[in-house]
Amino acid sequence: MHDVEVSLVISVILVVLVVFAFLRNAWATFIPSVAVPLSLIGTFGVMYLCHYSLDNFSLMALTICTGFVVDDAIVVMENITRHIENGLSPIAATMKGAREIGFTVVSMSASLVAVFIPILWMPGIAGRLFREFAVVLSVAIGVSLLISLTTTPMMCARFLRHDTGRHNRIYRFSERAFNGLLHVYDIALRWVLRRQLLILGLTFATAAFCVYLAGHVNSGFFPQQDTGRIRGLIQGDQSLSFAAMSEKLRTISDIVLKDPAVENISGFTGGGSGGSTAFVFAQLKPKAVRKINSDEVIARLSQATKNVPGAQLLLQSVQDVSVGGRFGGALYQYTLQADNLEDLNHWAPIVMERMKSVPELRDVNSDQQMRGLQSSLAVDRDTASRLGVQMSDVDNTLNDAFGQRQVSVMYKGINQYHVILEVAPSAQQDPAALKSIYVPSNTGKLVPLSAFCHFEASNTALSVNHQGIFPAITISFNLAPGTSLGPAVEHIEAAKAELHVPPTVHASFQGTAQAFQDASSSRLILVITAVVAVYIVLGILYESFIHPITILSTIPSAGIGAILAIKISHGDLNMIALIGIILLIGIVKKNAILMIDFAVQAEREEHLSPVDAIYKACLLRFRPILMTTMAALLGAMPLAIGSGVGSELRRPLGVTIIGGLIVSQLLTLFTTPIVYIYMDRFQTWLHSLFTRAPQPAISPAHSD
């Protein structure tokens, strides 16, 4: 958690530096920057009332929100500053600027909160995990909106003044650089406006390419983390006794502890999995000391312990987000159930061997334990009767020898001690010890057990696991490096189909793999619902069916950037990345809102044509668009490049937001004006279609 707190502080600092780099004025930087701590403090208050805690997800939400809670304040202050530079007094500029931009910031914030509505109703374990994330972000955005409409205008009226025109070299250089960038954008925008049909085709191609990429990206559930902790299962030969397995545990623990990356280790034998199983838990040294990640440590330990006879060590990294209580020999589980145990015992080894041939899987193992050893006594009752031995005496003798029978209790002043009757431990290690057991007869003599019994060695089940009321065998597996869970699940299901397993044997994923399947079925619905929610909110705010479509045209370019960033970083479209894409739906449309809101206002008040209005809007809103995009981008930067403990969980969120913002910024500065022009023409056509002027009535001829 400390690493997330550091990321939060770094994000705040980067956002403030972005504001200063564009405004280059202490008061102008301070005014919007106030929105960041005030929004965080207000969010903490609501979290306290909701009984939320500071965990990975809430801190991740607070970190990412620092990049866009400042957006509203930036837009308000930039508009007020523009009026001050045009000659209005600070009070008059504040009143006019806040009145002009108030609807815009409400639209930006309301539509951003709207994308979290589907997350609040997301089903399954993923929904429960991200519900707090969505609430924290929504509250932060709401508090920032309140601050930008109250505190920011007040501070602008109090502290902003006319520019004196005296600036240092750094200011003049940066201003020339920005004016040069604006001039380049002006030239490019003019070129685009002369080729409207080409750019419209590019917009449709962008949407098609986004759909194509979405269908060709690997999917996952949660990214695998390096938390500095590993746990493992030692599967011993099923014929091993508890004492022999304890010795195996000590041997493997000593080998693991000698590894330079391991800090300490603990373990135990037995439990619910029988005496031939042991569990180990190891704490690794900090990353800065061991220099390698936990997967490399696991590979090294597996290599070091592979020569231990009669035992196999299966290790996995401990994850912050772990679904399901089943602890197998690997991270993911595939469970077989059957109506009868014979079918289950027959098909489970066949399915496991087939899964071992799937290239995406590693460490395939099973909890099937059917090869335990047992010795059965076959009693010759006729001989026992002739020798005067009763079966109850046989049972009592064997219970006294091997059943750990309590025969007495010794009481002391403050303690009591249970007295257990059993044979010496050395006589418990070999079935041949049964030959030295004597049973009392009704004649008072002791009769050797071997006189009327013979011993039969056979295999038996050490344990029979159940899921519900049916017997079950769980096959555990890990993923090969660079493999996503989505393709692995598909290949496992295909492999089972190839085997033609009978319908009496049922197979299903459990734990994390099952949660992944549940979440995958609702991913597309989640994204579509977020888009529809934003469209409805924008339609209500603009009282139009057309303008929201123009604003939402920015989404495909953001999707392309996010998916390309995932591919470049060798990641997959997991739940964290999906939340990043949903966030992008709310973030990237801010650019379009800034353009369209001003263009609509210019058409109404200045009677400009749609082309002239959107052209003027693009140039006037170029600075706040760059500022808000850079603030959101750098706010996500610490999450994308973080390398602390468990940073792999947060990295996809930063990667998708940065990739989506970069590509969206480059494209929507040119595609949004064209979409606006064509949608305005479409709106005009619809208006003329449904509001045609009625034909004048023909007056009847008359004479005086």
# chains A, B, ... in the order shown; residues from 1 in each chain; ligands from 1

call {"tool": "closest_atom_pairs", "arguments": {"of": "region 585-657 of chain A", "to": "region 172-187 of chain A", "cutoff": "12 Å", "atoms": "only C-alpha atoms", "output": "Markdown table"}}
result
| residue | atom | partner | partner_atom | distance |
| --- | --- | --- | --- | --- |
| A:Tyr615 | CA | A:Asp186 | CA | 8.8 |
| A:Lys616 | CA | A:Asp186 | CA | 9.9 |
| A:Ala617 | CA | A:Asp186 | CA | 11.5 |
| A:Cys618 | CA | A:Asp186 | CA | 8.8 |
| A:Leu619 | CA | A:Asp186 | CA | 7.1 |
| A:Leu620 | CA | A:Leu182 | CA | 9.7 |
| A:Arg621 | CA | A:Leu182 | CA | 10.6 |
| A:Phe622 | CA | A:Leu182 | CA | 7.5 |
| A:Arg623 | CA | A:Leu182 | CA | 8.5 |
| A:Ile625 | CA | A:Leu182 | CA | 11.9 |
| A:Leu626 | CA | A:Phe178 | CA | 10.4 |
| A:Met627 | CA | A:Phe178 | CA | 11.7 |

call {"tool": "write_last_selection", "arguments": {"atoms": "all heavy atoms", "output": "compact mmCIF listing (two decimals), in the first residue's frame"}}
result
# COMPACT_ATOMS: atom_id res chain seq x y z
N TYR A 615 -14.30 25.83 -36.31
CA TYR A 615 -12.91 26.26 -36.51
C TYR A 615 -12.47 27.20 -35.38
O TYR A 615 -11.39 27.03 -34.81
CB TYR A 615 -12.79 26.94 -37.87
CG TYR A 615 -11.45 27.60 -38.11
CD1 TYR A 615 -10.31 26.84 -38.38
CD2 TYR A 615 -11.31 28.98 -38.05
CE1 TYR A 615 -9.08 27.44 -38.60
CE2 TYR A 615 -10.09 29.59 -38.25
CZ TYR A 615 -8.98 28.82 -38.53
OH TYR A 615 -7.76 29.42 -38.73
N LYS A 616 -13.31 28.14 -35.06
CA LYS A 616 -12.99 29.07 -33.98
C LYS A 616 -12.93 28.35 -32.63
O LYS A 616 -12.05 28.62 -31.80
CB LYS A 616 -14.05 30.18 -33.93
CG LYS A 616 -13.78 31.25 -32.89
CD LYS A 616 -14.82 32.35 -32.95
CE LYS A 616 -14.52 33.43 -31.91
NZ LYS A 616 -15.55 34.51 -31.94
N ALA A 617 -13.84 27.40 -32.42
CA ALA A 617 -13.85 26.65 -31.16
C ALA A 617 -12.58 25.83 -30.99
O ALA A 617 -12.01 25.76 -29.90
CB ALA A 617 -15.08 25.75 -31.11
N CYS A 618 -12.12 25.20 -32.07
CA CYS A 618 -10.93 24.37 -31.98
C CYS A 618 -9.71 25.20 -31.58
O CYS A 618 -8.90 24.77 -30.76
CB CYS A 618 -10.67 23.67 -33.31
SG CYS A 618 -11.86 22.38 -33.70
N LEU A 619 -9.57 26.39 -32.16
CA LEU A 619 -8.40 27.22 -31.86
C LEU A 619 -8.48 27.80 -30.45
O LEU A 619 -7.47 27.84 -29.73
CB LEU A 619 -8.27 28.34 -32.90
CG LEU A 619 -8.00 27.89 -34.34
CD1 LEU A 619 -7.85 29.11 -35.24
CD2 LEU A 619 -6.77 27.01 -34.42
N LEU A 620 -9.66 28.24 -30.03
CA LEU A 620 -9.79 28.85 -28.71
C LEU A 620 -9.69 27.80 -27.60
O LEU A 620 -9.22 28.12 -26.50
CB LEU A 620 -11.13 29.58 -28.59
CG LEU A 620 -11.23 30.93 -29.32
CD1 LEU A 620 -12.62 31.52 -29.15
CD2 LEU A 620 -10.18 31.91 -28.78
N ARG A 621 -10.12 26.57 -27.86
CA ARG A 621 -10.09 25.53 -26.84
C ARG A 621 -8.84 24.66 -26.92
O ARG A 621 -8.73 23.68 -26.19
CB ARG A 621 -11.34 24.64 -26.98
CG ARG A 621 -12.65 25.34 -26.71
CD ARG A 621 -12.65 26.01 -25.37
NE ARG A 621 -13.95 26.49 -24.99
CZ ARG A 621 -14.17 27.41 -24.07
NH1 ARG A 621 -13.13 27.95 -23.46
NH2 ARG A 621 -15.38 27.80 -23.74
N PHE A 622 -7.91 25.01 -27.78
CA PHE A 622 -6.72 24.19 -27.96
C PHE A 622 -5.89 24.12 -26.67
O PHE A 622 -5.43 23.05 -26.27
CB PHE A 622 -5.87 24.75 -29.10
CG PHE A 622 -4.68 23.91 -29.45
CD1 PHE A 622 -4.83 22.63 -29.95
CD2 PHE A 622 -3.38 24.38 -29.25
CE1 PHE A 622 -3.73 21.84 -30.27
CE2 PHE A 622 -2.28 23.61 -29.57
CZ PHE A 622 -2.46 22.34 -30.08
N ARG A 623 -5.71 25.25 -25.99
CA ARG A 623 -4.92 25.25 -24.76
C ARG A 623 -5.57 24.43 -23.65
O ARG A 623 -4.91 23.56 -23.07
CB ARG A 623 -4.64 26.68 -24.29
CG ARG A 623 -3.70 26.75 -23.09
CD ARG A 623 -3.66 28.16 -22.51
NE ARG A 623 -3.08 29.10 -23.44
CZ ARG A 623 -1.78 29.45 -23.46
NH1 ARG A 623 -0.95 28.90 -22.59
NH2 ARG A 623 -1.33 30.32 -24.33
N ILE A 625 -7.69 22.04 -23.89
CA ILE A 625 -7.70 20.64 -24.30
C ILE A 625 -6.35 20.00 -24.03
O ILE A 625 -6.26 18.89 -23.48
CB ILE A 625 -8.08 20.52 -25.79
CG1 ILE A 625 -9.58 20.77 -25.97
CG2 ILE A 625 -7.73 19.14 -26.33
CD1 ILE A 625 -10.03 20.81 -27.42
N LEU A 626 -5.28 20.68 -24.40
CA LEU A 626 -3.94 20.15 -24.14
C LEU A 626 -3.69 20.02 -22.64
O LEU A 626 -3.11 19.03 -22.18
CB LEU A 626 -2.88 21.05 -24.77
CG LEU A 626 -2.68 20.94 -26.28
CD1 LEU A 626 -1.52 21.83 -26.72
CD2 LEU A 626 -2.42 19.51 -26.71
N MET A 627 -4.12 21.02 -21.88
CA MET A 627 -3.87 21.00 -20.43
C MET A 627 -4.59 19.84 -19.76
O MET A 627 -4.01 19.11 -18.95
CB MET A 627 -4.30 22.33 -19.81
CG MET A 627 -3.41 23.51 -20.18
SD MET A 627 -4.03 25.06 -19.48
CE MET A 627 -3.86 24.74 -17.74

call {"tool": "residues_around", "arguments": {"residues": "Gly270 (chain A)", "least_positions_apart": "5", "cutoff": "10 Å", "atoms": "only C-alpha atoms", "output": "ChimeraX atom specification"}}
result
/A:242,245-246,275-279

call {"tool": "closest_residue", "arguments": {"among": "A:Pro487, A:Gly97, A:Pro309, A:Gly561", "to": "Val358 (chain A)", "atoms": "only C-alpha atoms"}}
result
A:Pro487

call {"tool": "select_by_dssp", "arguments": {"residues": "region 432-516 of chain A", "states": "alpha helix (DSSP H)", "output": "list of chain:residue names"}}
result
A:Leu485, A:Gly486, A:Pro487, A:Ala488, A:Val489, A:Glu490, A:His491, A:Ile492, A:Glu493, A:Ala494, A:Ala495, A:Lys496, A:Ala497, A:Glu498, A:Leu499, A:Gly511, A:Thr512, A:Ala513, A:Gln514, A:Ala515, A:Phe516

call {"tool": "write_last_selection", "arguments": {"atoms": "C-alpha atoms", "output": "PDB file, in the first residue's frame"}}
result
ATOM      1  CA  LEU A 485      -6.105 -16.849 -19.316  1.00  0.00           C
ATOM      2  CA  GLY A 486      -8.632 -16.415 -22.142  1.00  0.00           C
ATOM      3  CA  PRO A 487      -6.819 -18.537 -24.782  1.00  0.00           C
ATOM      4  CA  ALA A 488      -5.887 -21.113 -22.127  1.00  0.00           C
ATOM      5  CA  VAL A 489      -9.547 -21.570 -21.128  1.00  0.00           C
ATOM      6  CA  GLU A 490     -10.568 -21.961 -24.772  1.00  0.00           C
ATOM      7  CA  HIS A 491      -7.880 -24.582 -25.430  1.00  0.00           C
ATOM      8  CA  ILE A 492      -8.807 -26.568 -22.303  1.00  0.00           C
ATOM      9  CA  GLU A 493     -12.434 -26.721 -23.367  1.00  0.00           C
ATOM     10  CA  ALA A 494     -11.385 -27.737 -26.883  1.00  0.00           C
ATOM     11  CA  ALA A 495      -9.108 -30.465 -25.481  1.00  0.00           C
ATOM     12  CA  LYS A 496     -11.954 -31.884 -23.372  1.00  0.00           C
ATOM     13  CA  ALA A 497     -14.242 -31.899 -26.414  1.00  0.00           C
ATOM     14  CA  GLU A 498     -11.639 -33.874 -28.373  1.00  0.00           C
ATOM     15  CA  LEU A 499     -11.611 -36.619 -25.725  1.00  0.00           C
ATOM     16  CA  GLY A 511     -11.931 -20.170  -8.403  1.00  0.00           C
ATOM     17  CA  THR A 512     -10.220 -17.508 -10.484  1.00  0.00           C
ATOM     18  CA  ALA A 513     -10.880 -19.274 -13.789  1.00  0.00           C
ATOM     19  CA  GLN A 514     -14.601 -19.497 -13.031  1.00  0.00           C
ATOM     20  CA  ALA A 515     -14.724 -15.821 -12.031  1.00  0.00           C
ATOM     21  CA  PHE A 516     -12.970 -14.994 -15.312  1.00  0.00           C
TER      22      PHE A 516
END

call {"tool": "residues_around", "arguments": {"residues": "Ser33 (chain A)", "least_positions_apart": "3", "cutoff": "12 Å", "atoms": "only C-alpha atoms", "output": "JSON, numbers by chain"}}
result
{"A": [12, 13, 14, 15, 16, 17, 18, 19, 20, 23, 26, 27, 28, 29, 30, 36, 37, 38, 39, 40, 66, 67, 68, 69, 70, 71, 72, 73, 74, 77, 144, 147, 148, 151, 152, 155, 631]}

call {"tool": "write_last_selection", "arguments": {"atoms": "C-alpha atoms", "output": "mmCIF file, in the first residue's frame"}}
result
data_model
loop_
_atom_site.group_PDB
_atom_site.id
_atom_site.type_symbol
_atom_site.label_atom_id
_atom_site.label_comp_id
_atom_site.auth_asym_id
_atom_site.auth_seq_id
_atom_site.Cartn_x
_atom_site.Cartn_y
_atom_site.Cartn_z
ATOM 1 C CA VAL A 12 -0.483 15.254 -7.564
ATOM 2 C CA ILE A 13 2.958 16.783 -8.148
ATOM 3 C CA LEU A 14 2.915 15.972 -11.880
ATOM 4 C CA VAL A 15 -0.559 17.449 -12.323
ATOM 5 C CA VAL A 16 0.484 20.695 -10.629
ATOM 6 C CA LEU A 17 3.604 20.886 -12.822
ATOM 7 C CA VAL A 18 1.459 20.453 -15.949
ATOM 8 C CA VAL A 19 -0.741 23.371 -14.914
ATOM 9 C CA PHE A 20 2.303 25.535 -14.220
ATOM 10 C CA LEU A 23 0.059 28.920 -17.349
ATOM 11 C CA ALA A 26 2.048 31.222 -9.590
ATOM 12 C CA TRP A 27 -1.538 32.307 -8.845
ATOM 13 C CA ALA A 28 -2.886 30.831 -12.072
ATOM 14 C CA THR A 29 -1.232 27.530 -11.105
ATOM 15 C CA PHE A 30 -2.356 27.645 -7.499
ATOM 16 C CA VAL A 36 -6.817 18.407 -6.112
ATOM 17 C CA PRO A 37 -6.347 18.373 -2.313
ATOM 18 C CA LEU A 38 -9.865 19.682 -1.677
ATOM 19 C CA SER A 39 -11.350 16.938 -3.861
ATOM 20 C CA LEU A 40 -9.277 14.281 -2.098
ATOM 21 C CA THR A 66 -5.879 13.404 -9.592
ATOM 22 C CA GLY A 67 -5.441 13.657 -13.354
ATOM 23 C CA PHE A 68 -8.983 14.809 -14.106
ATOM 24 C CA VAL A 69 -10.432 16.390 -10.941
ATOM 25 C CA VAL A 70 -8.393 19.431 -11.938
ATOM 26 C CA ASP A 71 -9.939 19.542 -15.435
ATOM 27 C CA ASP A 72 -13.054 21.497 -14.501
ATOM 28 C CA ALA A 73 -11.059 24.095 -12.582
ATOM 29 C CA ILE A 74 -8.620 24.443 -15.504
ATOM 30 C CA MET A 77 -9.997 29.492 -14.956
ATOM 31 C CA SER A 144 -14.234 18.725 -7.990
ATOM 32 C CA ILE A 147 -15.146 23.345 -6.258
ATOM 33 C CA SER A 148 -14.737 24.451 -9.885
ATOM 34 C CA THR A 151 -14.051 28.129 -5.111
ATOM 35 C CA THR A 152 -12.305 28.498 -8.474
ATOM 36 C CA MET A 155 -10.195 32.793 -6.293
ATOM 37 C CA ALA A 631 -3.003 16.391 -16.634
#

call {"tool": "residues_around", "arguments": {"residues": "Val46 (chain A)", "least_positions_apart": "5", "cutoff": "12 Å", "atoms": "only C-alpha atoms", "output": "NGL selection string"}}
result
:A and (39-41 or 51-53 or 132 or 135-140 or 142-143)

call {"tool": "closest_residue", "arguments": {"among": "A:Ile141, A:Val600, A:Ala110, A:Met595", "to": "Ile64 (chain A)", "atoms": "only C-alpha atoms"}}
result
A:Ile141

call {"tool": "closest_residue", "arguments": {"among": "A:Ala61, A:Ile581, A:Phe116, A:Asn25", "to": "Ala533 (chain A)", "atoms": "only C-alpha atoms"}}
result
A:Phe116

call {"tool": "closest_residue", "arguments": {"among": "A:Trp685, A:Leu149, A:Ala565, A:Asn591", "to": "Leu666 (chain A)", "atoms": "only C-alpha atoms"}}
result
A:Asn591
